[in-house]
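*Asks:* Right, I'll just put the structure down here and ask away after.
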Amino acid sequence: MSEFTTITVDGNEAVALVAHKINEVIAIYPITPSSAMGEFSDLYSSKGQKNIFGTVPIVYEMQSEGGASGAVHGALQNGALTTTFTASQGLLLMIPNMYKIAGELTSTVFHVASRSLAAQGLSIFGDHQDVMGIRQSGFALLASGSVQEAHDFALISQAASLRSRIPFLHFFDGFRTSHEVSRIQKISDEVLSSMIDQDLVAAHRKRALSPDHPVLRGTAQNPDVYFQGRESVNKYYLALPDILQHEMDRFAALTGRSYHLFDYVGSHDADRVIVLMGSGAEAVEESVHYLIERGEKVGLIKVRLALPFSADAFIAALPVTLKSIAVLDRTKEPGSLGEPLYHDVVTALFEHSDSLAFSMPRIIGGRYGLSSKEFTPAMIISIFYELSKDKMKNHFTIGIHDDVTNTSLEYDHDFILENPDQFQAVFYGLGSDGTVGANKNTIKIIGTETEYYAQGYFVYDSKKSGSMTISHLRFGTKPIQSSYLIQKADFVGVHQSVFLEKLDILDIAKEGAVFLLNSPYPKEEVWNRLLRVTQERIIEKKLKFYAIDAYKVAHASNMGRRINTVMQTCFFAISGILSKDEAMAKIKGSIQKTYGSKGDVIVQMNYAAVDTTLENLFEINVPGSINSTLELQQTLKGDMSPFVHDVIGKITAFKGDEIRVSQMPDDGTWPTGTTQYEKRNIAQEVPLWDADTCIQCNKCVSACPHSVIRSTIFDSSLLSEAPDGFVAKMAKGKNFGENELFNISVAVEDCTGCALCVEVCPAKNKSQTNLKAINMVPQLPIRDTGIAQWEFFLSLPKMDRSKLDHSNLKESQFLEPLFEFSGACPGCGETPYVKLTSQLFGDRMVIANATGCSSIYGGNLPTTPWRKNDERRGPAWSNSLFEDNAEFGLGFRLAIDAHCDRARSLLEYLRPQIDPYLIDDLLNAQQHDEEEINAQRKRVEALKIVLERLDIEEAKTLIELSDYLVKKSVWIMGGDGWAYDIGYGGLDHVLASGKNVNILVLDTQVYSNTGGQQSKATMTGAVAKFAAGGKAGLPKDLAAMAIAYENVYVAKVSMGANDTATVKAFIEAERYNGPSIIIAYSHCVAHGYDLRYGVDQQKRAVDSGLWPIFRFNPDKIKEGENPMTLDYKGPKIEVKDFMYRETRFKMAEKMNAVSAESFLTTAAHTAQSLYARYQNLHHYYEPKRGGEEQ
Amino acid sequence: MNLSTTFLGFPLKNPLIASASPLTASLDSIKKLEECRIAAVIIHSLFEEEINYEIHQIDHFLQINSHSNAEATSYLPSEVDFDNL
């Protein structure tokens, strides 16, 4: 047996470490939670790390999973050892190629971080629905249940695939395993080489297509032979189980880690057995040991090879004392008699009923753990209890409360399986404060440098701004099998004291646990500032209470708002896991390791933080009684429906697990306009309006990503009702009267504190030149007055939309946004465009939204930012998939047109009964602008009154359909990953359709939602994942491709560079009766700079020539005008002056100065050639005088 | 011919010095100058604060939004090697 090294990695890294070593080609596409496997592989290759064959694997990012599987198939057909990584919808997109790969008996392994499928809603979390969706493809299914197993099975599956010629799908639970950090034994290169049989690799290569020994593969077969061909592979599947066991045995001999097709764990005389696969098996094993110690006769079967299902091996693994079996599937097949593993077990036992060494057991099947639903010992014990009942519930669910079809088993919510050898710690942090990063570091220190086993798992909430992270860390002297969240903790770290205002966090603390709080108050005052419930918990549980002002320490150490090192040091200092001296030495060692390559100043900065932390960490003296009267705040505020209160309110309070099946919308339909109740108070500083300095330009309103800054003009008589501090100034502008007042108000509780508004403000305070007409001030002191002012603002009458010039930037911003307080990142560059669309067309919009950032901040539960206006109209929104969004939106158009056609024909049919003038007006109405649309709405209302009086079927139908006589505005929204890559085929088709749809591409030039992978929009020289050295190629010019159709309205816009042209583009696009596309420059956190300067960077992007802005309006061709309007004047600044202000470009220079120089040269050339391209177009379309043909 | 001289107390083999200019902006170019027997080069001023600021900025923006979202544990590839810091 070879020597082993211990590493502390997550499941994705554990798999990538192996897959990269034993493959030559890796074709991938990012999808959560599998993206990191591709990213790690790309990183290894970019550092020149070689596989066991001595070459650096080629890692190639494709345009979709469909594309990745095609590239994999092609590489396999040409003899390269090839792999891919995917999950969920991505795996579904690979199915057609998987049939081919299996049908051609091709050795490969697809590694899948298994994830839910989008059904009534999307979920990024883990279950086996995706994997069970490919059972029919011919791939073998091998399940891992832990990080170590994922590491090991990545190799075993490859070895078995080479020997059996059956392709493998190796899967492990998304997030629970893919993202769990765990201490494992690393497979050495010697073991890797021993397991991969070079003769089999050569045989694989020999089957390659080659003109030197040509064959043909992929024939079209006919009724005479296809069937026989399909059956020709049976022998390979029959042989596979033995081959896999053989490879498992070889692996065991090399490493000492022994696996079987089915591993039985439990008492030898067990009467009750649970059968399952994946990470849940770890928790069951832990529970089985617990029950055996208490005299129960129980066991479990861990299913490794799920397909082909070896009935012989399964039956042989069962104890002969068996009486009842529960088969657990982490998937759902609506309408099926049971889920796949249950079916296989039932079939295996019944087909072998004559030869069983025991009498036929009673079998039940159940579902658990969908979308990473917790699967705990309490639930497992409940299942074992069910198995001992005379009448067992079949087709049960566990972990939820199904009060509709009553499938769920009861379980003891208070039961917790104690693991006395484990130290369990939970940490509550903010996404941006570095808590998770620090904890990952802590696990690495303890897992790698001590004898302890370590496990880390991280939970994030659904917002991209101000999101809470919860880190669950376990350390112990025995291997940790608790594949569920910590239920009672020995250590509770609250890294943001605001969390205690809304959540009873200390409920999780064990008696005598250590509680660490980052508090902004001096140590004498910390206790008095706590809520009543927090004080109670501390006293009743006898917690040891420590506090530190981590922000003060971080600030003094030049760390800004990053408190990771400070809080990590505190943890080591007081948790007692290691001695203080040892711990401090190890933290410093880890700092050197982490930051060494980023410069010594960073290392020294962190060292200083470690040293000052200990001087500022205090134990708080806990008095014997409470003195606080502060109560927990509700997570939702305002006047809301019972559904919002009971369901959404529970989710926001982190109690979504308690929601019963009957409370859930059964078809995925949710109300809009619910972010307004959330009042998250996440900004430490918010904007305050200085009315005297303000020039009333409304630029701050337009730039605000979260719709928290709004302006209005109202009659001065209303001011008397205003609360204290509400300021208004005489309205500027010729359209407004002398009695009208202007006000800007801020939703201080909804602001994220990005400060974009301050940077965009053009007005300077003349007496204090560092101030503008809007300035950031601390939120807390103005919170209460701000709330009152905001409420008053909302109570003011809405401005008359018909009196505003919508194409004027300033006046467009008086329009009410129907998109507000989204969960987007602070300073988001996408949402101002989304908000603008809602302001202009919200009352008639229906939106198809591609999966990505915009679908997450637009539609991620618990709350939705899309809302209704006072007439109860507003955007209707849906997300289908990532790849099909353009087609999805085109479907909207086709249906709306069909309804409209039907309504028009019914109108004609009913002509004898209705005023013919009304009918003609309805049929012939022009609906270009809002005034015309409102006129049509009035006609429809008049029509409905007439129809109500007609007692015939056609009239009733027309009442239902008559709203379709009013223009509907179809919007198709998504990011560049969708528009340029995965959805481009569909987008192109929709552009060519001639249909009246509006496409908005929120172009961040990178896959933002999955963490910054390059897209075809990525600019030359930008560092992104899969372009780690900086992108060498040119970005695709999507606009030019769309213009080529000539009947498509095309605009490329940048709000920061030209907001007026942007507003005009939206209005022209919507008005154009055909396909329109707007490509909008969107700054993004993935660009790596303080987004308060986003507007300035947008301007620089345009001034450098790298983001040309223009509008191409085909309507103008018909009118004899030039359709091409250039909204910029060509490159004005050096590309460097745009690029090097962003980390994405700057880091390329810090990595390699020579290539960075060539990026600049290429980019400068691109800037010039783009300008020439669009100038030429303008020139080409310039109307010729004297009626000449163009 | 002996062209040696001194400059700021440094002995130079000849009086030819390349000023702070594009010629001295890269290591390759400086090496070429040396091959052509330049006696000295003056390079652009380097300010410690500027260098440190850039390093801090890169470190900050590689970390700041990391580990804050389930789908994106980072937004830029942070484990790359910085050979030109």
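Letters for chains follow the order of the structure tokens (A, B, ...), residue numbers begin at 1 for each chain, and ligand numbers begin at 1 in the order shown.
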Return the neighbours of chain A among the residues of chain B, cut-off 12 Å, counting only C-alpha atoms, as a PyMOL selection string.
*Replies:* chain B and resi 25-29+48-49+51-85
*Asks:* Now that the selection is made, can you save its residues with N, CA and C atoms as a compact mmCIF listing (two decimals), in the first residue's frame?
*Replies:*
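Result file again-v4.txt:
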```txt
# COMPACT_ATOMS: atom_id res chain seq x y z
N ALA B 25 11.39 51.32 -20.18
CA ALA B 25 10.13 50.94 -19.54
C ALA B 25 10.01 49.43 -19.33
N SER B 26 10.82 48.66 -20.06
CA SER B 26 10.72 47.22 -19.86
C SER B 26 12.09 46.60 -19.67
N LEU B 27 12.10 45.46 -18.99
CA LEU B 27 13.35 44.78 -18.69
C LEU B 27 14.05 44.36 -19.99
N ASP B 28 13.27 43.90 -20.96
CA ASP B 28 13.84 43.47 -22.24
C ASP B 28 14.59 44.61 -22.91
N SER B 29 13.93 45.76 -22.91
CA SER B 29 14.52 46.92 -23.56
C SER B 29 15.80 47.35 -22.84
N GLU B 48 6.63 53.48 -3.60
CA GLU B 48 6.20 52.34 -2.81
C GLU B 48 4.70 52.38 -2.57
N GLU B 49 4.20 53.61 -2.31
CA GLU B 49 2.77 53.74 -2.01
C GLU B 49 1.92 53.29 -3.20
N ILE B 51 2.79 51.17 -5.59
CA ILE B 51 2.88 49.71 -5.75
C ILE B 51 2.01 49.02 -4.71
N ASN B 52 2.17 49.49 -3.46
CA ASN B 52 1.36 48.87 -2.40
C ASN B 52 -0.12 49.06 -2.65
N TYR B 53 -0.47 50.25 -3.14
CA TYR B 53 -1.88 50.53 -3.40
C TYR B 53 -2.43 49.54 -4.43
N GLU B 54 -1.66 49.34 -5.50
CA GLU B 54 -2.12 48.41 -6.54
C GLU B 54 -2.28 47.00 -5.98
N ILE B 55 -1.31 46.60 -5.15
CA ILE B 55 -1.38 45.25 -4.57
C ILE B 55 -2.61 45.13 -3.67
N HIS B 56 -2.82 46.19 -2.87
CA HIS B 56 -3.99 46.18 -1.99
C HIS B 56 -5.28 46.12 -2.79
N GLN B 57 -5.31 46.89 -3.87
CA GLN B 57 -6.53 46.92 -4.68
C GLN B 57 -6.83 45.54 -5.25
N ILE B 58 -5.80 44.90 -5.80
CA ILE B 58 -6.03 43.58 -6.40
C ILE B 58 -6.46 42.59 -5.33
N ASP B 59 -5.77 42.61 -4.21
CA ASP B 59 -6.14 41.71 -3.12
C ASP B 59 -7.58 41.96 -2.69
N HIS B 60 -7.91 43.24 -2.54
CA HIS B 60 -9.25 43.61 -2.07
C HIS B 60 -10.31 43.10 -3.04
N PHE B 61 -10.13 43.38 -4.33
CA PHE B 61 -11.20 43.03 -5.27
C PHE B 61 -11.22 41.55 -5.64
N LEU B 62 -10.14 40.85 -5.36
CA LEU B 62 -10.21 39.40 -5.53
C LEU B 62 -10.99 38.75 -4.39
N GLN B 63 -10.99 39.43 -3.24
CA GLN B 63 -11.62 38.81 -2.06
C GLN B 63 -13.03 39.33 -1.78
N ILE B 64 -13.27 40.60 -2.08
CA ILE B 64 -14.39 41.30 -1.45
C ILE B 64 -15.75 40.64 -1.70
N ASN B 65 -15.99 40.15 -2.89
CA ASN B 65 -17.30 39.55 -3.12
C ASN B 65 -17.27 38.02 -3.11
N SER B 66 -16.14 37.47 -2.67
CA SER B 66 -16.02 36.02 -2.63
C SER B 66 -16.86 35.44 -1.50
N HIS B 67 -17.24 34.21 -1.68
CA HIS B 67 -17.93 33.46 -0.62
C HIS B 67 -19.16 34.18 -0.09
N SER B 68 -19.88 34.87 -0.98
CA SER B 68 -21.07 35.55 -0.48
C SER B 68 -22.33 35.02 -1.14
N ASN B 69 -22.17 34.08 -2.04
CA ASN B 69 -23.33 33.57 -2.76
C ASN B 69 -23.12 32.10 -3.07
N ALA B 70 -24.21 31.35 -2.99
CA ALA B 70 -24.08 29.90 -3.18
C ALA B 70 -23.59 29.56 -4.58
N GLU B 71 -23.95 30.36 -5.56
CA GLU B 71 -23.59 30.03 -6.94
C GLU B 71 -22.20 30.52 -7.31
N ALA B 72 -21.77 31.59 -6.68
CA ALA B 72 -20.49 32.19 -7.06
C ALA B 72 -19.62 32.34 -5.82
N THR B 73 -18.70 31.39 -5.60
CA THR B 73 -17.84 31.54 -4.43
C THR B 73 -16.73 32.56 -4.70
N SER B 74 -16.58 32.94 -5.98
CA SER B 74 -15.68 34.05 -6.30
C SER B 74 -16.10 34.58 -7.66
N TYR B 75 -15.57 35.74 -8.02
CA TYR B 75 -15.92 36.32 -9.33
C TYR B 75 -14.72 36.46 -10.25
N LEU B 76 -13.53 36.25 -9.73
CA LEU B 76 -12.33 36.30 -10.56
C LEU B 76 -11.45 35.12 -10.14
N PRO B 77 -10.64 34.61 -11.05
CA PRO B 77 -9.76 33.50 -10.66
C PRO B 77 -8.68 34.01 -9.72
N SER B 78 -8.81 33.71 -8.43
CA SER B 78 -7.93 34.35 -7.46
C SER B 78 -6.65 33.55 -7.20
N GLU B 79 -6.62 32.29 -7.63
CA GLU B 79 -5.46 31.48 -7.28
C GLU B 79 -4.39 31.47 -8.37
N VAL B 80 -4.44 32.47 -9.25
CA VAL B 80 -3.44 32.55 -10.32
C VAL B 80 -2.12 33.06 -9.74
N ASP B 81 -1.06 32.91 -10.49
CA ASP B 81 0.25 33.38 -10.03
C ASP B 81 0.53 34.78 -10.56
N PHE B 82 0.90 35.66 -9.65
CA PHE B 82 1.23 37.02 -10.07
C PHE B 82 2.74 37.13 -10.24
N ASP B 83 3.20 37.00 -11.47
CA ASP B 83 4.64 37.01 -11.72
C ASP B 83 5.19 38.42 -11.85
N ASN B 84 4.31 39.38 -11.96
CA ASN B 84 4.75 40.73 -12.27
C ASN B 84 4.37 41.72 -11.17
N LEU B 85 4.23 41.21 -9.94
CA LEU B 85 3.84 42.11 -8.85
C LEU B 85 5.01 43.03 -8.50
```
*Asks:* Among chain B, which residues carry a DSSP assignment of helix (DSSP H, G or I), reported as a list in words?
*Replies:* Pro22, Leu23, Thr24, Leu27, Asp28, Ser29, Ile30, Lys31, Lys32, Leu33, Glu34, Glu35, Glu48, Glu49, Glu50, Ile51, Asn52, Tyr53, Glu54, Ile55, His56, Gln57, Ile58, Asp59, His60, Phe61, Leu62 and Gln63 of chain B
*Asks:* Please extract the residues of chain B with a backbone DSSP assignment of strand (DSSP E or B) and present them as a PyMOL selection string.
*Replies:* chain B and resi 5-7+10-12+17-18+40-41
*Asks:* Tell me which protein, DNA and RNA residues are within 10 Å of Thr24 (chain B), counting only C-alpha atoms, leaving out same-chain ones fewer than 4 positions away, and put them as a PyMOL selection string.
*Replies:* chain B and resi 18-20+28-33+41-44
*Asks:* Since we have the selection now, will you write its residues out, keeping all heavy atoms, as a short mmCIF file (atom, residue, chain, number, x, y, z; two decimals), in the first residue's frame?
*Replies:*
```
data_model
loop_
_atom_site.label_atom_id
_atom_site.label_comp_id
_atom_site.auth_asym_id
_atom_site.auth_seq_id
_atom_site.Cartn_x
_atom_site.Cartn_y
_atom_site.Cartn_z
N ALA B 18 20.55 56.33 -20.79
CA ALA B 18 19.17 56.34 -21.32
C ALA B 18 18.26 56.94 -20.27
O ALA B 18 18.29 56.53 -19.11
CB ALA B 18 18.72 54.93 -21.67
N SER B 19 17.49 57.93 -20.67
CA SER B 19 16.62 58.61 -19.70
C SER B 19 15.40 57.75 -19.39
O SER B 19 15.14 56.74 -20.05
CB SER B 19 16.18 59.94 -20.27
OG SER B 19 15.29 59.70 -21.34
N ALA B 20 14.63 58.21 -18.40
CA ALA B 20 13.36 57.54 -18.09
C ALA B 20 12.43 57.75 -19.28
O ALA B 20 12.00 58.87 -19.54
CB ALA B 20 12.77 58.14 -16.83
N ASP B 28 13.27 43.90 -20.96
CA ASP B 28 13.84 43.47 -22.24
C ASP B 28 14.59 44.61 -22.91
O ASP B 28 15.70 44.45 -23.42
CB ASP B 28 12.73 42.97 -23.18
CG ASP B 28 12.36 41.53 -22.84
OD1 ASP B 28 13.09 40.93 -22.03
OD2 ASP B 28 11.37 41.04 -23.41
N SER B 29 13.93 45.76 -22.91
CA SER B 29 14.52 46.92 -23.56
C SER B 29 15.80 47.35 -22.84
O SER B 29 16.80 47.69 -23.46
CB SER B 29 13.50 48.05 -23.60
OG SER B 29 14.05 49.16 -24.21
N ILE B 30 15.79 47.28 -21.52
CA ILE B 30 16.98 47.66 -20.74
C ILE B 30 18.13 46.69 -21.04
O ILE B 30 19.29 47.10 -21.20
CB ILE B 30 16.65 47.69 -19.23
CG1 ILE B 30 15.70 48.86 -18.94
CG2 ILE B 30 17.91 47.81 -18.39
CD1 ILE B 30 15.16 48.90 -17.51
N LYS B 31 17.77 45.41 -21.17
CA LYS B 31 18.81 44.42 -21.51
C LYS B 31 19.42 44.73 -22.86
O LYS B 31 20.64 44.62 -23.06
CB LYS B 31 18.21 43.01 -21.50
CG LYS B 31 18.07 42.41 -20.11
CD LYS B 31 17.49 41.02 -20.22
CE LYS B 31 17.33 40.40 -18.83
NZ LYS B 31 16.46 39.23 -18.86
N LYS B 32 18.57 45.11 -23.82
CA LYS B 32 19.08 45.45 -25.15
C LYS B 32 20.00 46.66 -25.08
O LYS B 32 21.05 46.71 -25.74
CB LYS B 32 17.92 45.74 -26.10
CG LYS B 32 17.34 44.48 -26.74
CD LYS B 32 16.31 44.85 -27.80
CE LYS B 32 15.43 43.65 -28.08
NZ LYS B 32 14.11 44.02 -28.58
N LEU B 33 19.61 47.63 -24.28
CA LEU B 33 20.45 48.83 -24.12
C LEU B 33 21.82 48.42 -23.57
O LEU B 33 22.86 48.92 -24.02
CB LEU B 33 19.79 49.82 -23.16
CG LEU B 33 18.56 50.57 -23.69
CD1 LEU B 33 17.85 51.30 -22.54
CD2 LEU B 33 18.94 51.56 -24.77
N VAL B 41 21.19 53.55 -17.07
CA VAL B 41 19.81 53.85 -17.42
C VAL B 41 19.13 54.52 -16.23
O VAL B 41 19.51 54.28 -15.08
CB VAL B 41 18.99 52.59 -17.81
CG1 VAL B 41 19.53 51.95 -19.08
CG2 VAL B 41 18.92 51.61 -16.66
N ILE B 42 18.23 55.38 -16.56
CA ILE B 42 17.39 55.97 -15.49
C ILE B 42 15.98 55.45 -15.74
O ILE B 42 15.45 55.60 -16.85
CB ILE B 42 17.41 57.51 -15.55
CG1 ILE B 42 18.84 58.00 -15.30
CG2 ILE B 42 16.45 58.09 -14.52
CD1 ILE B 42 19.06 59.46 -15.53
N ILE B 43 15.45 54.82 -14.75
CA ILE B 43 14.11 54.26 -14.95
C ILE B 43 13.07 55.16 -14.29
O ILE B 43 13.41 56.04 -13.49
CB ILE B 43 13.99 52.80 -14.46
CG1 ILE B 43 14.32 52.70 -12.99
CG2 ILE B 43 14.88 51.89 -15.27
CD1 ILE B 43 14.07 51.31 -12.44
N HIS B 44 11.82 54.93 -14.68
CA HIS B 44 10.72 55.73 -14.13
C HIS B 44 10.68 55.60 -12.62
O HIS B 44 11.01 54.55 -12.07
CB HIS B 44 9.39 55.26 -14.70
CG HIS B 44 9.25 55.51 -16.16
ND1 HIS B 44 8.59 56.62 -16.66
CD2 HIS B 44 9.69 54.83 -17.23
CE1 HIS B 44 8.64 56.59 -17.97
NE2 HIS B 44 9.31 55.51 -18.35
#
```
*Asks:* Could you tell me how far CA of Ala270 (chain A) sits from CA of Val320 (chain A), in Å to one decimal place?
*Replies:*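 Separation of CA of Val320 (chain A) and CA of Ala270 (chain A): 8.2 Å.
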*Asks:* May I have the residues within 12 Å of region 98-105 of chain A as a PyMOL selection string, using only C-alpha atoms and disregarding those fewer than 3 positions away in the same chain?
*Replies:* chain A and resi 65-66+68-77+82-84+91-95+108-110+133-140+161-169+204+207-208+216-219+226+229-237
*Asks:* Would you compute the distance between CA of Lys50 (chain A) and CA of Val18 (chain A)? Give it in Å to one decimal.
*Replies:*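 Computing it gives 11.6 Å between the two atoms.
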*Asks:* Can you list, as a count of residues only, every protein, DNA or RNA residue that comes within 12 Å of region 821-823 of chain A when you count only C-alpha atoms, leaving out same-chain residues fewer than 6 positions away?
*Replies:* 52
*Asks:* CA of Gly985 (chain A) and CA of Tyr1171 (chain A) are how many Å apart?
*Replies:*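 Result for CA of Gly985 (chain A) versus CA of Tyr1171 (chain A): 26.7 Å, one decimal.
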*Asks:* Write out as a VMD selection string which residues come within 7 Å of Thr565 (chain A) when counting only C-alpha atoms, dropping same-chain ones fewer than 6 positions away.
*Replies:* chain A and resid 438 606 609 to 610
*Asks:* May I ask which of the residues A:Arg330, A:Lys1132, A:His260, A:Lys502 is the closest one to Ala1164 (chain A), counting only C-alpha atoms?
*Replies:*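 Under the stated criterion, the closest residue is A:Lys1132.
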*Asks:* Name all residues at most 7 Å from Phe358 (chain A) (count only C-alpha atoms; drop same-chain ones fewer than 2 positions away) and give them as a list in words.
*Replies:*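 Surrounding residues, per the criterion: Val320, Thr321, Leu356 and Met360 of chain A.
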*Asks:* Pick the closest to Asn1047 (chain A) from A:Asn1113, A:Lys1031, A:Leu987, A:Ala87: which is it, counting only C-alpha atoms?
*Replies:*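 Comparing A:Asn1113, A:Lys1031, A:Leu987, A:Ala87 against Asn1047 (chain A), the winner is A:Asn1113.
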*Asks:* Would you mind telling me which residue in A:Pro642, A:Gly1033, A:Gly737, A:Pro762 lies nearest to Thr693 (chain A) when using only C-alpha atoms?
*Replies:*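 The answer is A:Pro762, which sits nearest to Thr693 (chain A).
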*Asks:* Using 7 Å as the limit and counting only C-alpha atoms, can you tabulate each residue of region 657-709 of chain A that touches region 801-817 of chain A, with its shortest atom-to-atom distance in Å and the two atoms involved, as CSV?
*Replies:*
```
residue,atom,partner,partner_atom,distance
A:Cys697,CA,A:Lys810,CA,5.6
A:Asn698,CA,A:Lys810,CA,5.2
A:Val701,CA,A:Gln813,CA,6.3
A:Ser702,CA,A:Gln813,CA,6.1
```
*Asks:* Restricting it to N, CA and C atoms, dump the selection as an mmCIF file, in the first residue's frame.
*Replies:*
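Saved as out_27.cif:
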```cif
data_model
loop_
_atom_site.group_PDB
_atom_site.id
_atom_site.type_symbol
_atom_site.label_atom_id
_atom_site.label_comp_id
_atom_site.auth_asym_id
_atom_site.auth_seq_id
_atom_site.Cartn_x
_atom_site.Cartn_y
_atom_site.Cartn_z
ATOM 1 N N CYS A 697 -31.856 67.180 -11.842
ATOM 2 C CA CYS A 697 -31.600 66.497 -13.120
ATOM 3 C C CYS A 697 -32.103 65.058 -13.106
ATOM 4 N N ASN A 698 -32.356 64.507 -11.925
ATOM 5 C CA ASN A 698 -32.868 63.135 -11.785
ATOM 6 C C ASN A 698 -31.860 62.047 -12.157
ATOM 7 N N VAL A 701 -31.719 59.324 -9.573
ATOM 8 C CA VAL A 701 -32.876 58.423 -9.629
ATOM 9 C C VAL A 701 -32.630 57.352 -10.684
ATOM 10 N N SER A 702 -32.123 57.782 -11.830
ATOM 11 C CA SER A 702 -31.929 56.821 -12.923
ATOM 12 C C SER A 702 -30.798 55.838 -12.612
#
```
